[in-house]
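One structure is given here, and the rest of the page talks about it.
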Amino acid sequence: MSLAQTNDTTYEALAEEMLEVRSGSPLMRPVEVVAALLLVAIIGLLLMGVVSRYFFSIPVVWIDEAASIAFLWLAMLGAAIAIDRAEHLRLTIFLNMLPERLRGLASTLGLLLVATFLVALLEPAVEYVVEESYLTSAALNIPMSWRVAGLPVGIGLMLLLVLRDAFRSGTLAQFAGCVAAIGLAAAALWFLSPGLSSLGYGNILVFLVGFVAFFLAIGVPIAFCFGLGALAFLTFTTSVPTMVMIGRMDEGMSALILISVPIFVLLGCILDATGMGKAIVEFLASMLGHVKAGMSYVLLGSLFLVSGISGSKVSDMATVAPALFPEMKRRGHKPKEMIALLATGAAMADTVPPSIVLIVLGSVAGVSIAGLFTSGFVIAMVLLAVLAVLARWKARGEAMEGIRRAPMKAIGKAALIAGPALVLPFLIRSAVGSGVATATEVSTIAVLYALVIGAVLYGGIRPRKMYAMLVETAALSGAILLILGTASAMAWTLTQTGFAFHMAALVTDLPGGWVTYMLVTTGVFMLLGCVLEGLPALVLMAPIMFPIAKNLGIHDIHYSMVVVTAMNIGLMAPPIGVGFYIACKIGSVSPDEAMGAIWPYIAALFVGLLLIAVVPAFSIGYL
């Protein structure tokens, strides 16, 4: 079906398809209920902490500990739910190129590799719980094993679900053949391990590059690709116990700032369910729809503002496209051009708070969240400007017959409806940027605000829908946090080899100083953005790249903006970028058709990236 044949109803259906809540198996219903309750408990605890501190000046010291316990359990149960619903992020472009029979074999092999990883971690996870039982929490005075017990429980649940899927995915012969192949490969590596330990940095190429690339190519979820690579490296080239890897995963998933991730994910669901995003789009359309390239400006502006509420690129695109594409098509915009603008506009908007990418980056690289949020607005405006210039040039032949300026009464009505939604992104940024509240506290306040405003002005959310949103948030958050955990383990493994120090020495000696390093950074993160998507690329490379940037005198906020922008350009760049295919699905346009049209927009973003890289004032001139 081509875009020209679709109507408004079709676009709504496409958006709903992108945001639909998948239903899990009946056996996982109790786990889903527990995960939903944990998410509600976390939000309730954080709101209680905010109220007690700001309104009664009575800090409740045990709230962070209680929220941390619930958070780790939520992450592990959510990861299991994501496996049940097949919602873990993975790369399928190479898998889909295989013949059908080989595709089934590769899927079975991938599932059994995941099962191998989980089996290898289960006993060390139990040992980790035993070790933590000797420690007592400072405020609640309970054993720390209460918190980390979520690790073996989640690993055990994931193992059962993966084995179930492996039995279903292929024939018995394929299953047995894959088990034998994994066993033979493990035996061969064990036999060769004395020699492998002498390869030095060569092991990085074998295990942390070669193995991970192979796992990605056969469709293993990204979280488990990192985990398998790190596990194989530690097992066959070092004497480090596997329990250390469990500790690294725990550390990567448990930073307090990351508690805001599931809450902002839930905020995005509320935005979609209440129609607050659509109200913003309609208001901008009433303001700018009558000018040439006006609908392109509206699309870019809507992505800018809506992303400031949802923090999710998928949510942004699926909210904006149904409201604007029919009118853009009527004005003569080509389907492939619309998709190109949608995809690159979503990439532009990823620095607008409350960006989950910025929150994670602040956590793993130790960068100020307030500074990132403040800088992110300006950087997005720079990228918005270069895209708007290109959109205006592209619209020079746009058909404007019959287009009239909206009457002031209609604009006023649209502004009245959209006003409460428009306030939210600026409320989030100002609260964090001014230091009034942390990103985690703001996320809970924003959820409460959206629920109340949604109920009063936008029709509210049915209880059944609300429960489904809580479960979906748990699944998506679990998938994200498991990536952060295994990527942290792999990043730690990489740094233990001493490779980071060697790389730092090489880069420091490059001619051109910090400018050359910025160009290297751009290439690295654009490539990683294509293959790994944003979060895992950040967690993997930030511990290596940020210290080098600091040694070269690059401000951490400036460097962060370059990294995130480069990564987002890679994410939307065909033929591998995942975000590009999501945009094509939302717009029901063939990727082959849209691929040729997106390159001028990618080039415009790259021009913006170069401006951001060579002019630090865009990022830090007002901090």
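To be explicit about the labels: the chains of the structure tokens are called A, B, and onward in the order shown, and within each one the residues are counted from 1, while ligands get numbers from 1 in the order they are shown.
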
#### Entry: Spatial neighbours of A:Glu337, max dist 10 Å, only C-alpha atoms, sep filter under 4 positions, as number ranges by chain
A: 333, 341-343, 391, 394, 593-598, 600-601

May I have the residues from that selection written out with N, CA and C atoms, as an mmCIF file, in the first residue's frame?
data_model
loop_
_atom_site.group_PDB
_atom_site.id
_atom_site.type_symbol
_atom_site.label_atom_id
_atom_site.label_comp_id
_atom_site.auth_asym_id
_atom_site.auth_seq_id
_atom_site.Cartn_x
_atom_site.Cartn_y
_atom_site.Cartn_z
ATOM 1 N N HIS A 333 3.534 16.831 -1.023
ATOM 2 C CA HIS A 333 4.747 16.235 -0.474
ATOM 3 C C HIS A 333 4.835 14.770 -0.902
ATOM 4 N N LEU A 341 11.913 13.335 6.417
ATOM 5 C CA LEU A 341 11.795 14.431 7.376
ATOM 6 C C LEU A 341 11.379 13.907 8.748
ATOM 7 N N LEU A 342 10.487 12.928 8.767
ATOM 8 C CA LEU A 342 10.052 12.343 10.041
ATOM 9 C C LEU A 342 11.222 11.688 10.765
ATOM 10 N N ALA A 343 12.001 10.887 10.051
ATOM 11 C CA ALA A 343 13.104 10.151 10.678
ATOM 12 C C ALA A 343 14.179 11.101 11.197
ATOM 13 N N ALA A 391 14.057 21.878 4.420
ATOM 14 C CA ALA A 391 12.633 21.658 4.152
ATOM 15 C C ALA A 391 12.042 22.800 3.342
ATOM 16 N N LYS A 394 13.153 22.397 -0.215
ATOM 17 C CA LYS A 394 12.449 21.264 -0.827
ATOM 18 C C LYS A 394 11.004 21.630 -1.173
ATOM 19 N N GLU A 593 12.213 2.763 -1.262
ATOM 20 C CA GLU A 593 11.750 4.023 -1.835
ATOM 21 C C GLU A 593 12.270 5.217 -1.047
ATOM 22 N N ALA A 594 12.256 5.082 0.288
ATOM 23 C CA ALA A 594 12.643 6.205 1.143
ATOM 24 C C ALA A 594 14.153 6.368 1.257
ATOM 25 N N MET A 595 14.897 5.317 0.949
ATOM 26 C CA MET A 595 16.340 5.333 1.180
ATOM 27 C C MET A 595 17.037 6.439 0.385
ATOM 28 N N GLY A 596 16.631 6.636 -0.854
ATOM 29 C CA GLY A 596 17.275 7.660 -1.662
ATOM 30 C C GLY A 596 16.949 9.064 -1.203
ATOM 31 N N ALA A 597 15.771 9.252 -0.612
ATOM 32 C CA ALA A 597 15.330 10.596 -0.231
ATOM 33 C C ALA A 597 15.946 11.078 1.070
ATOM 34 N N ILE A 598 16.396 10.169 1.917
ATOM 35 C CA ILE A 598 16.812 10.589 3.255
ATOM 36 C C ILE A 598 18.211 11.191 3.282
ATOM 37 N N PRO A 600 19.839 13.695 1.665
ATOM 38 C CA PRO A 600 19.995 15.154 1.863
ATOM 39 C C PRO A 600 19.692 15.585 3.301
ATOM 40 N N TYR A 601 18.719 14.926 3.941
ATOM 41 C CA TYR A 601 18.383 15.274 5.326
ATOM 42 C C TYR A 601 19.486 14.802 6.283
#

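The residue set within 10 Å of A:Ile544, counting only C-alpha atoms and dropping same-chain residues fewer than 6 places from it, reads Ala365, Ala491, Trp492, Leu494, Thr495, Phe499, Ala500, Phe501, Met503 and Ala504 of chain A.
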
### Query
stretch 379-457 of chain A: which residues are helix (DSSP H, G or I) by DSSP, as a PyMOL selection string?
chain A and resi 379-397+408-433+439-457

### Task
Have a look at atom CA of A:Val539 and atom CA of A:Val520 and let me know their distance in Å, one decimal.
17.8 Å

### Message
Please list as a ChimeraX atom specification every residue within 6 Å of stretch 109-114 of chain A, counting only C-alpha atoms and excluding residues in the same chain fewer than 3 positions away.
### Response
/A:106,117,166,178,220

So that I have them on file, write out the residues from the current selection with N, CA and C atoms, as a tab-separated table (two decimals), in the first residue's frame.
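Wrote it out as part.tsv, contents follow:
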chain	number	residue	atom	x	y	z
A	106	ALA	N	19.09	-20.27	12.31
A	106	ALA	CA	19.78	-19.17	13.00
A	106	ALA	C	18.99	-18.71	14.22
A	117	PHE	N	24.02	-18.45	27.92
A	117	PHE	CA	24.42	-17.30	28.74
A	117	PHE	C	23.70	-17.30	30.08
A	166	ALA	N	12.86	-21.76	22.21
A	166	ALA	CA	13.79	-22.55	21.40
A	166	ALA	C	13.15	-23.86	20.94
A	178	CYS	N	22.00	-27.53	17.01
A	178	CYS	CA	22.48	-26.28	17.60
A	178	CYS	C	23.11	-26.53	18.97
A	220	VAL	N	20.55	-12.41	17.68
A	220	VAL	CA	20.54	-12.47	19.15
A	220	VAL	C	20.25	-11.08	19.69

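For A:Val130, the residues within 12 Å (counting only C-alpha atoms, excluding itself and residues fewer than 6 positions away along the chain) are Glu123, Pro124, Pro143, Met144, Ser145, Trp146, Arg147, Val148, Ala149, Leu151, Pro152 and Met243 of chain A.
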
### Task
Write out as JSON, numbers by chain each polymer residue whose atoms come within 7 Å of A:Ala273, counting only C-alpha atoms; drop sequence neighbours fewer than 3 positions from it.
{"A": [269, 270, 461]}

#### Entry: Length of the atom CA of A:Ser25 to atom CA of A:Leu39 vector [Å]
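Distance reported for this atom pair: 20.3 Å.
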
As a PDB file with N, CA and C atoms, in the first residue's frame, please: the residues near A:Pro574 (cut-off 12 Å, only C-alpha atoms, same-chain neighbours under 4 positions excluded).
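Dumped to out10.pdb:
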ATOM      1  N   ILE A  93      18.321  -7.261  10.117  1.00  0.00           N
ATOM      2  CA  ILE A  93      18.528  -7.009   8.693  1.00  0.00           C
ATOM      3  C   ILE A  93      19.295  -8.149   8.026  1.00  0.00           C
ATOM      4  N   ALA A 340      11.569  10.813   5.215  1.00  0.00           N
ATOM      5  CA  ALA A 340      12.918  11.328   5.478  1.00  0.00           C
ATOM      6  C   ALA A 340      12.877  12.434   6.529  1.00  0.00           C
ATOM      7  N   ALA A 343      12.001  10.887  10.051  1.00  0.00           N
ATOM      8  CA  ALA A 343      13.104  10.151  10.678  1.00  0.00           C
ATOM      9  C   ALA A 343      14.179  11.101  11.197  1.00  0.00           C
ATOM     10  N   THR A 344      14.605  12.050  10.354  1.00  0.00           N
ATOM     11  CA  THR A 344      15.666  12.958  10.781  1.00  0.00           C
ATOM     12  C   THR A 344      15.167  13.954  11.818  1.00  0.00           C
ATOM     13  N   MET A 526      28.635   7.430  14.884  1.00  0.00           N
ATOM     14  CA  MET A 526      27.703   7.239  13.767  1.00  0.00           C
ATOM     15  C   MET A 526      27.646   5.761  13.377  1.00  0.00           C
ATOM     16  N   LEU A 527      28.802   5.105  13.351  1.00  0.00           N
ATOM     17  CA  LEU A 527      28.835   3.679  13.027  1.00  0.00           C
ATOM     18  C   LEU A 527      28.132   2.856  14.096  1.00  0.00           C
ATOM     19  N   GLY A 529      25.887   3.896  16.186  1.00  0.00           N
ATOM     20  CA  GLY A 529      24.463   4.217  16.168  1.00  0.00           C
ATOM     21  C   GLY A 529      23.723   3.398  15.133  1.00  0.00           C
ATOM     22  N   CYS A 530      24.369   3.147  13.984  1.00  0.00           N
ATOM     23  CA  CYS A 530      23.751   2.299  12.954  1.00  0.00           C
ATOM     24  C   CYS A 530      23.516   0.889  13.461  1.00  0.00           C
ATOM     25  N   VAL A 531      24.511   0.322  14.132  1.00  0.00           N
ATOM     26  CA  VAL A 531      24.499  -1.103  14.451  1.00  0.00           C
ATOM     27  C   VAL A 531      23.839  -1.394  15.789  1.00  0.00           C
ATOM     28  N   ILE A 569      22.312  10.343  14.206  1.00  0.00           N
ATOM     29  CA  ILE A 569      22.428  10.345  12.746  1.00  0.00           C
ATOM     30  C   ILE A 569      22.646   8.917  12.253  1.00  0.00           C
ATOM     31  N   GLY A 570      23.524   8.174  12.928  1.00  0.00           N
ATOM     32  CA  GLY A 570      23.739   6.781  12.562  1.00  0.00           C
ATOM     33  C   GLY A 570      22.493   5.943  12.711  1.00  0.00           C
ATOM     34  N   VAL A 578      18.229   1.436  12.641  1.00  0.00           N
ATOM     35  CA  VAL A 578      16.936   0.899  13.082  1.00  0.00           C
ATOM     36  C   VAL A 578      15.843   1.954  13.001  1.00  0.00           C
ATOM     37  N   GLY A 579      16.159   3.194  13.391  1.00  0.00           N
ATOM     38  CA  GLY A 579      15.152   4.245  13.410  1.00  0.00           C
ATOM     39  C   GLY A 579      14.564   4.522  12.035  1.00  0.00           C
ATOM     40  N   PHE A 580      15.381   4.387  10.995  1.00  0.00           N
ATOM     41  CA  PHE A 580      14.904   4.600   9.625  1.00  0.00           C
ATOM     42  C   PHE A 580      13.779   3.618   9.288  1.00  0.00           C
ATOM     43  N   TYR A 581      13.938   2.371   9.662  1.00  0.00           N
ATOM     44  CA  TYR A 581      12.927   1.357   9.349  1.00  0.00           C
ATOM     45  C   TYR A 581      11.655   1.564  10.175  1.00  0.00           C
ATOM     46  N   ILE A 582      11.803   2.059  11.407  1.00  0.00           N
ATOM     47  CA  ILE A 582      10.620   2.364  12.219  1.00  0.00           C
ATOM     48  C   ILE A 582       9.812   3.474  11.556  1.00  0.00           C
ATOM     49  N   ALA A 583      10.502   4.508  11.068  1.00  0.00           N
ATOM     50  CA  ALA A 583       9.805   5.606  10.387  1.00  0.00           C
ATOM     51  C   ALA A 583       9.096   5.098   9.139  1.00  0.00           C
ATOM     52  N   CYS A 584       9.747   4.222   8.396  1.00  0.00           N
ATOM     53  CA  CYS A 584       9.121   3.665   7.189  1.00  0.00           C
ATOM     54  C   CYS A 584       7.875   2.861   7.543  1.00  0.00           C
ATOM     55  N   PRO A 591      11.154   0.888   2.509  1.00  0.00           N
ATOM     56  CA  PRO A 591      12.494   1.412   2.799  1.00  0.00           C
ATOM     57  C   PRO A 591      13.301   1.671   1.542  1.00  0.00           C
ATOM     58  N   ASP A 592      13.131   0.840   0.516  1.00  0.00           N
ATOM     59  CA  ASP A 592      13.861   1.050  -0.730  1.00  0.00           C
ATOM     60  C   ASP A 592      13.490   2.389  -1.365  1.00  0.00           C
ATOM     61  N   GLU A 593      12.213   2.763  -1.262  1.00  0.00           N
ATOM     62  CA  GLU A 593      11.750   4.023  -1.835  1.00  0.00           C
ATOM     63  C   GLU A 593      12.270   5.217  -1.047  1.00  0.00           C
ATOM     64  N   ALA A 594      12.256   5.082   0.288  1.00  0.00           N
ATOM     65  CA  ALA A 594      12.643   6.205   1.143  1.00  0.00           C
ATOM     66  C   ALA A 594      14.153   6.368   1.257  1.00  0.00           C
ATOM     67  N   MET A 595      14.897   5.317   0.949  1.00  0.00           N
ATOM     68  CA  MET A 595      16.340   5.333   1.180  1.00  0.00           C
ATOM     69  C   MET A 595      17.037   6.439   0.385  1.00  0.00           C
ATOM     70  N   GLY A 596      16.631   6.636  -0.854  1.00  0.00           N
ATOM     71  CA  GLY A 596      17.275   7.660  -1.662  1.00  0.00           C
ATOM     72  C   GLY A 596      16.949   9.064  -1.203  1.00  0.00           C
ATOM     73  N   ALA A 597      15.771   9.252  -0.612  1.00  0.00           N
ATOM     74  CA  ALA A 597      15.330  10.596  -0.231  1.00  0.00           C
ATOM     75  C   ALA A 597      15.946  11.078   1.070  1.00  0.00           C
ATOM     76  N   ILE A 598      16.396  10.169   1.917  1.00  0.00           N
ATOM     77  CA  ILE A 598      16.812  10.589   3.255  1.00  0.00           C
ATOM     78  C   ILE A 598      18.211  11.191   3.282  1.00  0.00           C
ATOM     79  N   TRP A 599      19.016  10.927   2.248  1.00  0.00           N
ATOM     80  CA  TRP A 599      20.414  11.363   2.325  1.00  0.00           C
ATOM     81  C   TRP A 599      20.599  12.877   2.394  1.00  0.00           C
ATOM     82  N   ILE A 602      20.035  13.620   6.008  1.00  0.00           N
ATOM     83  CA  ILE A 602      21.180  13.154   6.804  1.00  0.00           C
ATOM     84  C   ILE A 602      22.342  14.137   6.651  1.00  0.00           C
TER      85      ILE A 602
END

### Task
Considering only C-alpha atoms, state which residue in the set A:Ser488, A:Asn141, A:Ser307, A:Thr274 is at the smallest distance from A:Phe377.
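Comparing A:Ser488, A:Asn141, A:Ser307, A:Thr274 against A:Phe377, the winner is A:Ser307.
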
### Exercise: A:Val352 partners within 9 Å, only C-alpha atoms, chain neighbours under 6 positions left out, as number ranges by chain
A: 304-305, 307-309, 311, 358, 373-380, 425, 429

Residues from last step as file, C-alpha atoms, as a compact mmCIF listing (two decimals), in the first residue's frame:
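Written file, result-v1.txt:
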# COMPACT_ATOMS: atom_id res chain seq x y z
CA PHE A 304 10.69 19.04 19.16
CA LEU A 305 7.89 19.67 21.65
CA SER A 307 9.85 14.65 22.51
CA GLY A 308 10.11 16.98 25.48
CA ILE A 309 7.25 15.04 27.04
CA GLY A 311 11.43 10.95 25.72
CA LEU A 358 20.71 11.96 28.04
CA PHE A 373 19.05 19.06 29.73
CA THR A 374 19.88 22.75 29.37
CA SER A 375 22.33 22.21 26.51
CA GLY A 376 20.06 19.71 24.79
CA PHE A 377 17.43 22.33 24.04
CA VAL A 378 19.88 24.60 22.24
CA ILE A 379 21.53 21.77 20.31
CA ALA A 380 18.12 20.58 19.12
CA PRO A 425 8.42 19.99 28.49
CA ARG A 429 13.64 21.29 31.73

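Minimum distance to A:Leu121 across A:Leu231, A:Ala213, A:Leu538, A:Ala406 (counting only C-alpha atoms) occurs at A:Leu231.
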